[in-house]
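Enquirer: Input: one structure, supplied below.
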Amino acid sequence: MGARLLCLCLLTALLGYYIYSPLPEDLAQPWTVMLTSASLRALGHLAEAAELLGLMNYMEGLRLFTALELVAPTSDENVTVADTELGSVPVRLFVPRRAPGGLRRAVVYFHGGGWCVGDAGMRGYDLMSRRISNEINAVVVSVNYRLAPPHRFPAQFEDAYSVTKFFLQSQVLSQYGVDPARVCVAGDSAGGNLAAAVAQQLVEDPEVKTKLRAQLLIYPALQVLDLDLPSYRDNAEKPMLPRSLMVRFWSEYFASDPALREAMASNRHVPAEAAQLLPLVNWSRWLPAEMRGAHAYASPAVGDTELARRYPGLLDPRASPLLAGEARLRRLPRTLVLTCEHDVLRDDGAMYAGRLRQAGVPVTHLHAKDAFHGAVTFLAGPLELAVAHRLLDACVGWLRENL
Ligand SMILES: *[C@@H]1O[C@H](CO)[C@@H](O)[C@H](O)[C@H]1NC(C)=O
Ligand SMILES: *[C@@H]1O[C@H](CO)[C@@H](O)[C@H](O)[C@H]1NC(C)=O
C-alpha cells in the first residue's frame with residue numbers, strides 16, 4: 001500500500017513538473033496557456049518517439065493535433081461555409097449571407113502551422129474566418145495549401161500564389177460579388193510568411209491587373225538567414241513555439257535533412273557567398289532600440305556552401321520576404337503587422353514593419369506586450385483566451401478602416 005501511495009505521489013509530482021513551465025508574468029489565464037503548452041509538448045514528445053521508432057515523420061505526428069481540431073464546414077445564420085477548390089487548390093470559402101448592398105470586400109487567408117501542419121478547417125481558423133466574413137461583410141478564402149512533408153518549398157508558396165492569382169481574375173471576383181479595389185491577403189505565422197511573399201510576387205506579375213488593397217500579417221515568419229535574433233534568444237523556451245520547433249519547421253520547409261536542421265540550430269546555415277544579404281536582416285539596424293534590449297549583434301557564423309547549393313530556398317525571398325530590395329517593397333500595399341512580445345518571430349515582424357516604413361509603405365505595427373505566438377487562434381472551447389478576442393478585434397478593426 002505504502003509503495004503504491006509513493007508511486008502515486010511521484011507520478012503526480014512528475015506530471016505537475018511536466019505541466020508547470022515558468023510563464024511570463026504578464027500573461028493572463030496562465031493555467032490555460034500552461035495546459036495547452038504542456039499538451040503540445042507532450043504531443044511533440046510522442047511524435048519524436050514515433051519518429052525514432054520509424055513509425056512516422058515527426059510532422060505527421062504533430063498533425064494529430066490538427067486532426068483533433070477539425071470542424072465540418074457548417075453554414076450559420078450569417079455566413080455560408082463550404083469546402084471547395086479555387087484554381088484546383090482546396091479552400092474553405094466563407095460568403096456572407098446578408099444582402100451585399102453593393103460589392104463586397106475579400107480576404108485571402110493563409111493559416112499558420114510552420115508550412116507543415118494546420119488546416120483552414122481547424123476550429124480556431126474556421127471561427128476567425130467566419131468572424132471576419134460576418135463583421136466586415138467580406139468573402140473569405142481560407143486556403144489549404146500543400147504541407148511539408150511530403151511537399152517542400154516552393155509548393156506551399158506556389159499554391160498560395162496560384163489561388164490568389166486565380167481569385168483576382170475579374171470574372172471570378174464578379175462571380176463572388178467582390179470589389180476588385182478591396183481585396184487583401186492575410187495570414188498568421190507561416191501563413192503570414194506566405195501572405196507577404198504572395199503580395200511581393202503580385203506587384204511584379206504583369207499578368208495580374210488587380211492590385212491588392214492591403215496585407216495583414218499576424219506574427220509572420222519573414223526570414224531564415226538569422227535564427228539568433230534577440231526574439232529567438234529571449235523566447236527560446238516560451239509557450240507554443242519554442243526555438244527548437246521553429247528551427248524544425250524552417251528546416252522541414254526545405255527538406256527532412258538532419259544536417260540542415262543542425263546547421264540551422266547553431267545558426268550556421270548561410271554560406272560566405274551570401275554575406276551581402278545579411279544587412280537586409282540585420283536586427284541591430286532594423287529593430288527599434290527597445291526591442292534590441294541589451295543584446296549585442298553578432299552576424300551568423302559562416303555556413304556550408306554545399307548545404308546552400310542543395311537548398312537554394314534558403315536564400316530565396318519567396319521563403320524570406322525580408323530579402324526583397326527596397327524597390328520591390330515600395331510597391332506593396334498598406335500593411336498591418338501584428339507582433340507578440342513572447343514570440344521567437346517577434347523581430348521578423350518588427351524588422352519588416354521598419355523596412356516597409358522606410359520604403360514609404362503605410363504601415364501599422366501593433367505590438368502586443370502580453371501575448372505569445374499563436375494567441376489569436378484561441379477563440380473558443382476549453383482553451384479560449386481573452387487575448388485572442390482582443391487581438392482579432394484589433395485586426396478586424398483595421399480591416400474595416402483599411403480594406
Ligand atoms: C450573426 O451576426 C450577429 C451580428 O453580428 C451576431 O450577433 C451573431 O452572434 C452572429 N451569429 C453567429 C452564429 O455567429
Ligand atoms: C549590422 O549593423 C551594425 C550597425 O547597425 C553594423 O555595425 C554591422 O556591421 C552590420 N552587420 C551586418 C552583417 O550587416
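FYI, nothing fancy with the C-alpha cells labels: chains A, B, ... in order, residues from 1 per chain, ligands from 1 as they appear.
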I'd like the contact shell of range 270-272 of chain A - 8 Å cut-off, only C-alpha atoms, skipping same-chain residues fewer than 5 positions apart - returned as a ChimeraX atom specification.
Expert: /A:225,300-305,308,314
Enquirer: Output all heavy atoms for every residue in that selection, as a PDB file, in the first residue's frame.
Expert:
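Okay, part.pdb is ready:
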ATOM      1  N   LEU A 225      17.544  33.539 -42.487  1.00  0.00           N
ATOM      2  CA  LEU A 225      19.000  33.691 -42.504  1.00  0.00           C
ATOM      3  C   LEU A 225      19.613  33.778 -41.113  1.00  0.00           C
ATOM      4  O   LEU A 225      20.707  33.278 -40.884  1.00  0.00           O
ATOM      5  CB  LEU A 225      19.412  34.936 -43.312  1.00  0.00           C
ATOM      6  CG  LEU A 225      19.566  34.669 -44.808  1.00  0.00           C
ATOM      7  CD1 LEU A 225      18.215  34.418 -45.436  1.00  0.00           C
ATOM      8  CD2 LEU A 225      20.264  35.821 -45.487  1.00  0.00           C
ATOM      9  N   PRO A 300      25.531  35.871 -38.279  1.00  0.00           N
ATOM     10  CA  PRO A 300      25.505  34.408 -38.272  1.00  0.00           C
ATOM     11  C   PRO A 300      26.861  33.828 -38.686  1.00  0.00           C
ATOM     12  O   PRO A 300      27.558  34.412 -39.514  1.00  0.00           O
ATOM     13  CB  PRO A 300      24.441  34.073 -39.328  1.00  0.00           C
ATOM     14  CG  PRO A 300      23.574  35.290 -39.407  1.00  0.00           C
ATOM     15  CD  PRO A 300      24.464  36.447 -39.103  1.00  0.00           C
ATOM     16  N   ALA A 301      27.225  32.694 -38.090  1.00  0.00           N
ATOM     17  CA  ALA A 301      28.500  32.056 -38.424  1.00  0.00           C
ATOM     18  C   ALA A 301      28.468  31.591 -39.878  1.00  0.00           C
ATOM     19  O   ALA A 301      27.406  31.314 -40.429  1.00  0.00           O
ATOM     20  CB  ALA A 301      28.731  30.873 -37.500  1.00  0.00           C
ATOM     21  N   VAL A 302      29.633  31.528 -40.484  1.00  0.00           N
ATOM     22  CA  VAL A 302      29.718  31.139 -41.896  1.00  0.00           C
ATOM     23  C   VAL A 302      29.352  29.666 -42.053  1.00  0.00           C
ATOM     24  O   VAL A 302      29.868  28.800 -41.348  1.00  0.00           O
ATOM     25  CB  VAL A 302      31.134  31.411 -42.442  1.00  0.00           C
ATOM     26  CG1 VAL A 302      31.275  30.836 -43.844  1.00  0.00           C
ATOM     27  CG2 VAL A 302      31.408  32.897 -42.439  1.00  0.00           C
ATOM     28  N   GLY A 303      28.425  29.421 -42.976  1.00  0.00           N
ATOM     29  CA  GLY A 303      27.930  28.055 -43.154  1.00  0.00           C
ATOM     30  C   GLY A 303      28.506  27.361 -44.378  1.00  0.00           C
ATOM     31  O   GLY A 303      29.310  27.926 -45.119  1.00  0.00           O
ATOM     32  N   ASP A 304      28.006  26.172 -44.563  1.00  0.00           N
ATOM     33  CA  ASP A 304      28.473  25.243 -45.569  1.00  0.00           C
ATOM     34  C   ASP A 304      27.911  25.615 -46.953  1.00  0.00           C
ATOM     35  O   ASP A 304      26.698  25.684 -47.135  1.00  0.00           O
ATOM     36  CB  ASP A 304      27.942  23.869 -45.101  1.00  0.00           C
ATOM     37  CG  ASP A 304      28.341  22.749 -46.019  1.00  0.00           C
ATOM     38  OD1 ASP A 304      28.915  23.025 -47.080  1.00  0.00           O
ATOM     39  OD2 ASP A 304      28.057  21.592 -45.647  1.00  0.00           O
ATOM     40  N   THR A 305      28.799  25.860 -47.915  1.00  0.00           N
ATOM     41  CA  THR A 305      28.370  26.222 -49.266  1.00  0.00           C
ATOM     42  C   THR A 305      27.532  25.113 -49.895  1.00  0.00           C
ATOM     43  O   THR A 305      26.551  25.368 -50.597  1.00  0.00           O
ATOM     44  CB  THR A 305      29.608  26.475 -50.151  1.00  0.00           C
ATOM     45  OG1 THR A 305      30.360  27.513 -49.527  1.00  0.00           O
ATOM     46  CG2 THR A 305      29.218  26.907 -51.533  1.00  0.00           C
ATOM     47  N   ALA A 308      23.828  25.189 -48.891  1.00  0.00           N
ATOM     48  CA  ALA A 308      23.077  26.257 -49.551  1.00  0.00           C
ATOM     49  C   ALA A 308      22.863  25.933 -51.033  1.00  0.00           C
ATOM     50  O   ALA A 308      21.864  26.329 -51.628  1.00  0.00           O
ATOM     51  CB  ALA A 308      23.803  27.579 -49.395  1.00  0.00           C
ATOM     52  N   LEU A 314      16.950  28.538 -49.184  1.00  0.00           N
ATOM     53  CA  LEU A 314      17.494  29.248 -48.027  1.00  0.00           C
ATOM     54  C   LEU A 314      17.735  30.727 -48.308  1.00  0.00           C
ATOM     55  O   LEU A 314      17.703  31.543 -47.386  1.00  0.00           O
ATOM     56  CB  LEU A 314      18.831  28.622 -47.615  1.00  0.00           C
ATOM     57  CG  LEU A 314      18.796  27.298 -46.849  1.00  0.00           C
ATOM     58  CD1 LEU A 314      20.215  26.803 -46.627  1.00  0.00           C
ATOM     59  CD2 LEU A 314      18.085  27.494 -45.518  1.00  0.00           C
TER      60      LEU A 314
END
Enquirer: Collect all residues with atoms no farther than 9 Å from ligand 2, counting only C-alpha atoms and all ligand atoms, and output them as a ChimeraX atom specification.
Expert: /A:275-286,297-300
Enquirer: Now that the selection is made, can you save its residues with all heavy atoms as a compact mmCIF listing (two decimals), in the first residue's frame?
Expert:
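Generated file (part_37.txt):
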# COMPACT_ATOMS: atom_id res chain seq x y z
N ALA A 275 26.89 36.62 -47.84
CA ALA A 275 27.07 37.64 -46.81
C ALA A 275 26.43 38.97 -47.20
O ALA A 275 25.99 39.73 -46.33
CB ALA A 275 28.56 37.83 -46.53
N GLN A 276 26.35 39.23 -48.53
CA GLN A 276 25.78 40.53 -48.93
C GLN A 276 24.29 40.63 -48.61
O GLN A 276 23.71 41.72 -48.64
CB GLN A 276 26.08 40.82 -50.42
CG GLN A 276 25.09 40.27 -51.43
CD GLN A 276 25.26 38.75 -51.66
OE1 GLN A 276 26.15 38.11 -51.10
NE2 GLN A 276 24.41 38.19 -52.49
N LEU A 277 23.64 39.49 -48.30
CA LEU A 277 22.22 39.53 -47.94
C LEU A 277 22.00 39.88 -46.46
O LEU A 277 20.90 40.27 -46.07
CB LEU A 277 21.56 38.18 -48.23
CG LEU A 277 21.52 37.74 -49.70
CD1 LEU A 277 20.96 36.32 -49.81
CD2 LEU A 277 20.66 38.70 -50.52
N LEU A 278 23.03 39.70 -45.65
CA LEU A 278 22.84 39.84 -44.20
C LEU A 278 22.38 41.24 -43.76
O LEU A 278 21.59 41.34 -42.82
CB LEU A 278 24.11 39.41 -43.45
CG LEU A 278 24.37 37.90 -43.52
CD1 LEU A 278 25.71 37.55 -42.84
CD2 LEU A 278 23.23 37.10 -42.89
N PRO A 279 22.84 42.32 -44.41
CA PRO A 279 22.33 43.63 -43.98
C PRO A 279 20.80 43.75 -44.04
O PRO A 279 20.20 44.51 -43.28
CB PRO A 279 22.99 44.61 -44.97
CG PRO A 279 24.24 43.90 -45.40
CD PRO A 279 23.91 42.44 -45.42
N LEU A 280 20.16 42.95 -44.93
CA LEU A 280 18.70 43.02 -45.05
C LEU A 280 17.99 42.46 -43.81
O LEU A 280 16.82 42.73 -43.59
CB LEU A 280 18.24 42.26 -46.29
CG LEU A 280 18.71 42.84 -47.63
CD1 LEU A 280 18.45 41.86 -48.77
CD2 LEU A 280 17.99 44.16 -47.90
N VAL A 281 18.70 41.62 -43.06
CA VAL A 281 18.09 41.04 -41.86
C VAL A 281 18.91 41.41 -40.62
O VAL A 281 18.92 40.69 -39.62
CB VAL A 281 17.95 39.50 -41.98
CG1 VAL A 281 17.00 39.14 -43.10
CG2 VAL A 281 19.29 38.81 -42.18
N ASN A 282 19.62 42.53 -40.71
CA ASN A 282 20.48 42.96 -39.60
C ASN A 282 19.62 43.64 -38.53
O ASN A 282 19.22 44.78 -38.67
CB ASN A 282 21.55 43.92 -40.15
CG ASN A 282 22.55 44.33 -39.10
OD1 ASN A 282 22.28 44.23 -37.89
ND2 ASN A 282 23.71 44.79 -39.53
N TRP A 283 19.37 42.90 -37.47
CA TRP A 283 18.44 43.42 -36.47
C TRP A 283 18.98 44.66 -35.76
O TRP A 283 18.21 45.49 -35.29
CB TRP A 283 18.05 42.34 -35.47
CG TRP A 283 19.17 41.72 -34.70
CD1 TRP A 283 19.80 40.54 -35.00
CD2 TRP A 283 19.78 42.21 -33.51
NE1 TRP A 283 20.77 40.28 -34.08
CE2 TRP A 283 20.78 41.28 -33.14
CE3 TRP A 283 19.59 43.34 -32.70
CZ2 TRP A 283 21.59 41.45 -32.02
CZ3 TRP A 283 20.39 43.51 -31.58
CH2 TRP A 283 21.38 42.57 -31.26
N SER A 284 20.30 44.78 -35.69
CA SER A 284 20.82 45.94 -34.96
C SER A 284 20.54 47.21 -35.76
O SER A 284 20.55 48.32 -35.24
CB SER A 284 22.29 45.77 -34.62
OG SER A 284 23.11 46.32 -35.60
N ARG A 285 20.24 47.04 -37.05
CA ARG A 285 19.90 48.18 -37.88
C ARG A 285 18.38 48.39 -37.94
O ARG A 285 17.91 49.53 -37.94
CB ARG A 285 20.45 47.90 -39.27
CG ARG A 285 20.05 48.90 -40.27
CD ARG A 285 21.02 48.94 -41.44
NE ARG A 285 20.55 49.92 -42.40
CZ ARG A 285 20.62 49.75 -43.71
NH1 ARG A 285 21.18 48.66 -44.21
NH2 ARG A 285 20.15 50.68 -44.50
N TRP A 286 17.60 47.30 -38.00
CA TRP A 286 16.18 47.43 -38.31
C TRP A 286 15.24 47.40 -37.10
O TRP A 286 14.08 47.75 -37.21
CB TRP A 286 15.76 46.35 -39.32
CG TRP A 286 16.41 46.54 -40.64
CD1 TRP A 286 17.37 45.74 -41.20
CD2 TRP A 286 16.18 47.61 -41.56
NE1 TRP A 286 17.76 46.25 -42.42
CE2 TRP A 286 17.05 47.40 -42.66
CE3 TRP A 286 15.35 48.73 -41.57
CZ2 TRP A 286 17.08 48.27 -43.75
CZ3 TRP A 286 15.38 49.59 -42.65
CH2 TRP A 286 16.25 49.35 -43.73
N TYR A 297 25.01 42.58 -31.24
CA TYR A 297 24.89 41.98 -32.56
C TYR A 297 26.08 41.09 -32.89
O TYR A 297 27.23 41.45 -32.66
CB TYR A 297 24.78 43.06 -33.65
CG TYR A 297 24.56 42.46 -35.02
CD1 TYR A 297 23.30 42.02 -35.40
CD2 TYR A 297 25.62 42.31 -35.92
CE1 TYR A 297 23.10 41.43 -36.65
CE2 TYR A 297 25.42 41.73 -37.16
CZ TYR A 297 24.15 41.30 -37.52
OH TYR A 297 23.96 40.71 -38.74
N ALA A 298 25.79 39.90 -33.40
CA ALA A 298 26.83 39.05 -33.98
C ALA A 298 26.23 38.50 -35.26
O ALA A 298 25.10 38.01 -35.25
CB ALA A 298 27.18 37.91 -33.03
N SER A 299 26.96 38.59 -36.37
CA SER A 299 26.36 38.07 -37.60
C SER A 299 26.45 36.54 -37.58
O SER A 299 27.32 35.97 -36.93
CB SER A 299 27.01 38.68 -38.84
OG SER A 299 28.38 38.50 -38.79
N PRO A 300 25.53 35.87 -38.28
CA PRO A 300 25.50 34.41 -38.27
C PRO A 300 26.86 33.83 -38.69
O PRO A 300 27.56 34.41 -39.51
CB PRO A 300 24.44 34.07 -39.33
CG PRO A 300 23.57 35.29 -39.41
CD PRO A 300 24.46 36.45 -39.10
Enquirer: Counting only C-alpha atoms and all ligand atoms, name the residues that have an atom within 9 Å of an atom of ligand 1; the answer should be given as a PyMOL selection string.
Expert: chain A and resi 75-79+127+130-131+134-135
Enquirer: As a VMD selection string, please: all residues of range 22-76 of chain A that backbone DSSP puts in alpha helix (DSSP H).
Expert: chain A and resid 30 to 52 58 to 69
Enquirer: Output the selection as an mmCIF file, in the first residue's frame - N, CA and C atoms for each residue.
Expert:
data_model
loop_
_atom_site.group_PDB
_atom_site.id
_atom_site.type_symbol
_atom_site.label_atom_id
_atom_site.label_comp_id
_atom_site.auth_asym_id
_atom_site.auth_seq_id
_atom_site.Cartn_x
_atom_site.Cartn_y
_atom_site.Cartn_z
ATOM 1 N N PRO A 30 -2.972 32.111 -17.043
ATOM 2 C CA PRO A 30 -1.752 31.303 -17.171
ATOM 3 C C PRO A 30 -1.999 29.786 -17.169
ATOM 4 N N TRP A 31 -3.027 29.335 -16.447
ATOM 5 C CA TRP A 31 -3.218 27.878 -16.410
ATOM 6 C C TRP A 31 -3.690 27.327 -17.740
ATOM 7 N N THR A 32 -4.523 28.083 -18.423
ATOM 8 C CA THR A 32 -4.964 27.641 -19.750
ATOM 9 C C THR A 32 -3.767 27.580 -20.693
ATOM 10 N N VAL A 33 -2.941 28.626 -20.634
ATOM 11 C CA VAL A 33 -1.763 28.669 -21.504
ATOM 12 C C VAL A 33 -0.838 27.499 -21.176
ATOM 13 N N MET A 34 -0.659 27.258 -19.871
ATOM 14 C CA MET A 34 0.264 26.203 -19.444
ATOM 15 C C MET A 34 -0.220 24.819 -19.882
ATOM 16 N N LEU A 35 -1.521 24.584 -19.726
ATOM 17 C CA LEU A 35 -2.074 23.283 -20.108
ATOM 18 C C LEU A 35 -1.973 23.056 -21.615
ATOM 19 N N THR A 36 -2.283 24.092 -22.373
ATOM 20 C CA THR A 36 -2.192 23.968 -23.833
ATOM 21 C C THR A 36 -0.760 23.697 -24.237
ATOM 22 N N SER A 37 0.129 24.475 -23.632
ATOM 23 C CA SER A 37 1.531 24.341 -23.970
ATOM 24 C C SER A 37 2.043 22.947 -23.588
ATOM 25 N N ALA A 38 1.595 22.433 -22.417
ATOM 26 C CA ALA A 38 2.017 21.101 -21.987
ATOM 27 C C ALA A 38 1.469 20.026 -22.932
ATOM 28 N N SER A 39 0.218 20.187 -23.392
ATOM 29 C CA SER A 39 -0.339 19.194 -24.322
ATOM 30 C C SER A 39 0.458 19.172 -25.621
ATOM 31 N N LEU A 40 0.808 20.368 -26.099
ATOM 32 C CA LEU A 40 1.583 20.417 -27.346
ATOM 33 C C LEU A 40 2.960 19.792 -27.149
ATOM 34 N N ARG A 41 3.536 20.063 -25.969
ATOM 35 C CA ARG A 41 4.849 19.498 -25.673
ATOM 36 C C ARG A 41 4.763 17.970 -25.630
ATOM 37 N N ALA A 42 3.687 17.471 -24.976
ATOM 38 C CA ALA A 42 3.511 16.028 -24.875
ATOM 39 C C ALA A 42 3.366 15.416 -26.265
ATOM 40 N N LEU A 43 2.555 16.076 -27.112
ATOM 41 C CA LEU A 43 2.381 15.578 -28.474
ATOM 42 C C LEU A 43 3.712 15.589 -29.220
ATOM 43 N N GLY A 44 4.499 16.648 -28.992
ATOM 44 C CA GLY A 44 5.821 16.741 -29.599
ATOM 45 C C GLY A 44 6.707 15.576 -29.193
ATOM 46 N N HIS A 45 6.676 15.234 -27.894
ATOM 47 C CA HIS A 45 7.492 14.123 -27.418
ATOM 48 C C HIS A 45 7.021 12.794 -28.009
ATOM 49 N N LEU A 46 5.694 12.612 -28.093
ATOM 50 C CA LEU A 46 5.164 11.392 -28.704
ATOM 51 C C LEU A 46 5.593 11.303 -30.168
ATOM 52 N N ALA A 47 5.515 12.445 -30.854
ATOM 53 C CA ALA A 47 5.890 12.462 -32.266
ATOM 54 C C ALA A 47 7.367 12.131 -32.429
ATOM 55 N N GLU A 48 8.192 12.655 -31.509
ATOM 56 C CA GLU A 48 9.631 12.343 -31.551
ATOM 57 C C GLU A 48 9.863 10.857 -31.364
ATOM 58 N N ALA A 49 9.141 10.289 -30.381
ATOM 59 C CA ALA A 49 9.294 8.853 -30.113
ATOM 60 C C ALA A 49 8.862 8.043 -31.328
ATOM 61 N N ALA A 50 7.721 8.427 -31.920
ATOM 62 C CA ALA A 50 7.214 7.698 -33.087
ATOM 63 C C ALA A 50 8.211 7.792 -34.237
ATOM 64 N N GLU A 51 8.874 8.944 -34.350
ATOM 65 C CA GLU A 51 9.852 9.093 -35.424
ATOM 66 C C GLU A 51 11.079 8.218 -35.172
ATOM 67 N N LEU A 52 11.526 8.209 -33.898
ATOM 68 C CA LEU A 52 12.681 7.379 -33.546
ATOM 69 C C LEU A 52 12.407 5.901 -33.819
ATOM 70 N N TYR A 58 8.080 13.102 -37.790
ATOM 71 C CA TYR A 58 7.704 13.946 -36.662
ATOM 72 C C TYR A 58 6.483 14.822 -36.977
ATOM 73 N N MET A 59 6.483 15.415 -38.171
ATOM 74 C CA MET A 59 5.393 16.336 -38.517
ATOM 75 C C MET A 59 4.067 15.599 -38.685
ATOM 76 N N GLU A 60 4.126 14.377 -39.179
ATOM 77 C CA GLU A 60 2.885 13.593 -39.282
ATOM 78 C C GLU A 60 2.309 13.364 -37.895
ATOM 79 N N GLY A 61 3.186 13.175 -36.909
ATOM 80 C CA GLY A 61 2.728 13.038 -35.532
ATOM 81 C C GLY A 61 2.049 14.313 -35.051
ATOM 82 N N LEU A 62 2.693 15.460 -35.327
ATOM 83 C CA LEU A 62 2.100 16.732 -34.897
ATOM 84 C C LEU A 62 0.755 16.990 -35.565
ATOM 85 N N ARG A 63 0.583 16.416 -36.747
ATOM 86 C CA ARG A 63 -0.681 16.653 -37.462
ATOM 87 C C ARG A 63 -1.876 16.046 -36.746
ATOM 88 N N LEU A 64 -1.633 15.147 -35.795
ATOM 89 C CA LEU A 64 -2.738 14.614 -34.994
ATOM 90 C C LEU A 64 -3.499 15.744 -34.313
ATOM 91 N N PHE A 65 -2.745 16.761 -33.883
ATOM 92 C CA PHE A 65 -3.373 17.903 -33.222
ATOM 93 C C PHE A 65 -4.321 18.618 -34.184
ATOM 94 N N THR A 66 -3.847 18.792 -35.429
ATOM 95 C CA THR A 66 -4.696 19.404 -36.454
ATOM 96 C C THR A 66 -5.973 18.587 -36.601
ATOM 97 N N ALA A 67 -5.810 17.269 -36.701
ATOM 98 C CA ALA A 67 -6.959 16.387 -36.941
ATOM 99 C C ALA A 67 -7.986 16.519 -35.812
ATOM 100 N N LEU A 68 -7.498 16.611 -34.563
ATOM 101 C CA LEU A 68 -8.411 16.721 -33.419
ATOM 102 C C LEU A 68 -9.220 18.008 -33.438
ATOM 103 N N GLU A 69 -8.669 19.033 -34.052
ATOM 104 C CA GLU A 69 -9.298 20.355 -34.024
ATOM 105 C C GLU A 69 -10.176 20.631 -35.251
#
Enquirer: What is the CA of Val140 in chain A to CA of Ala359 in chain A distance in Å?
Expert: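 Going from CA of Val140 in chain A over to CA of Ala359 in chain A covers 29.0 Å.
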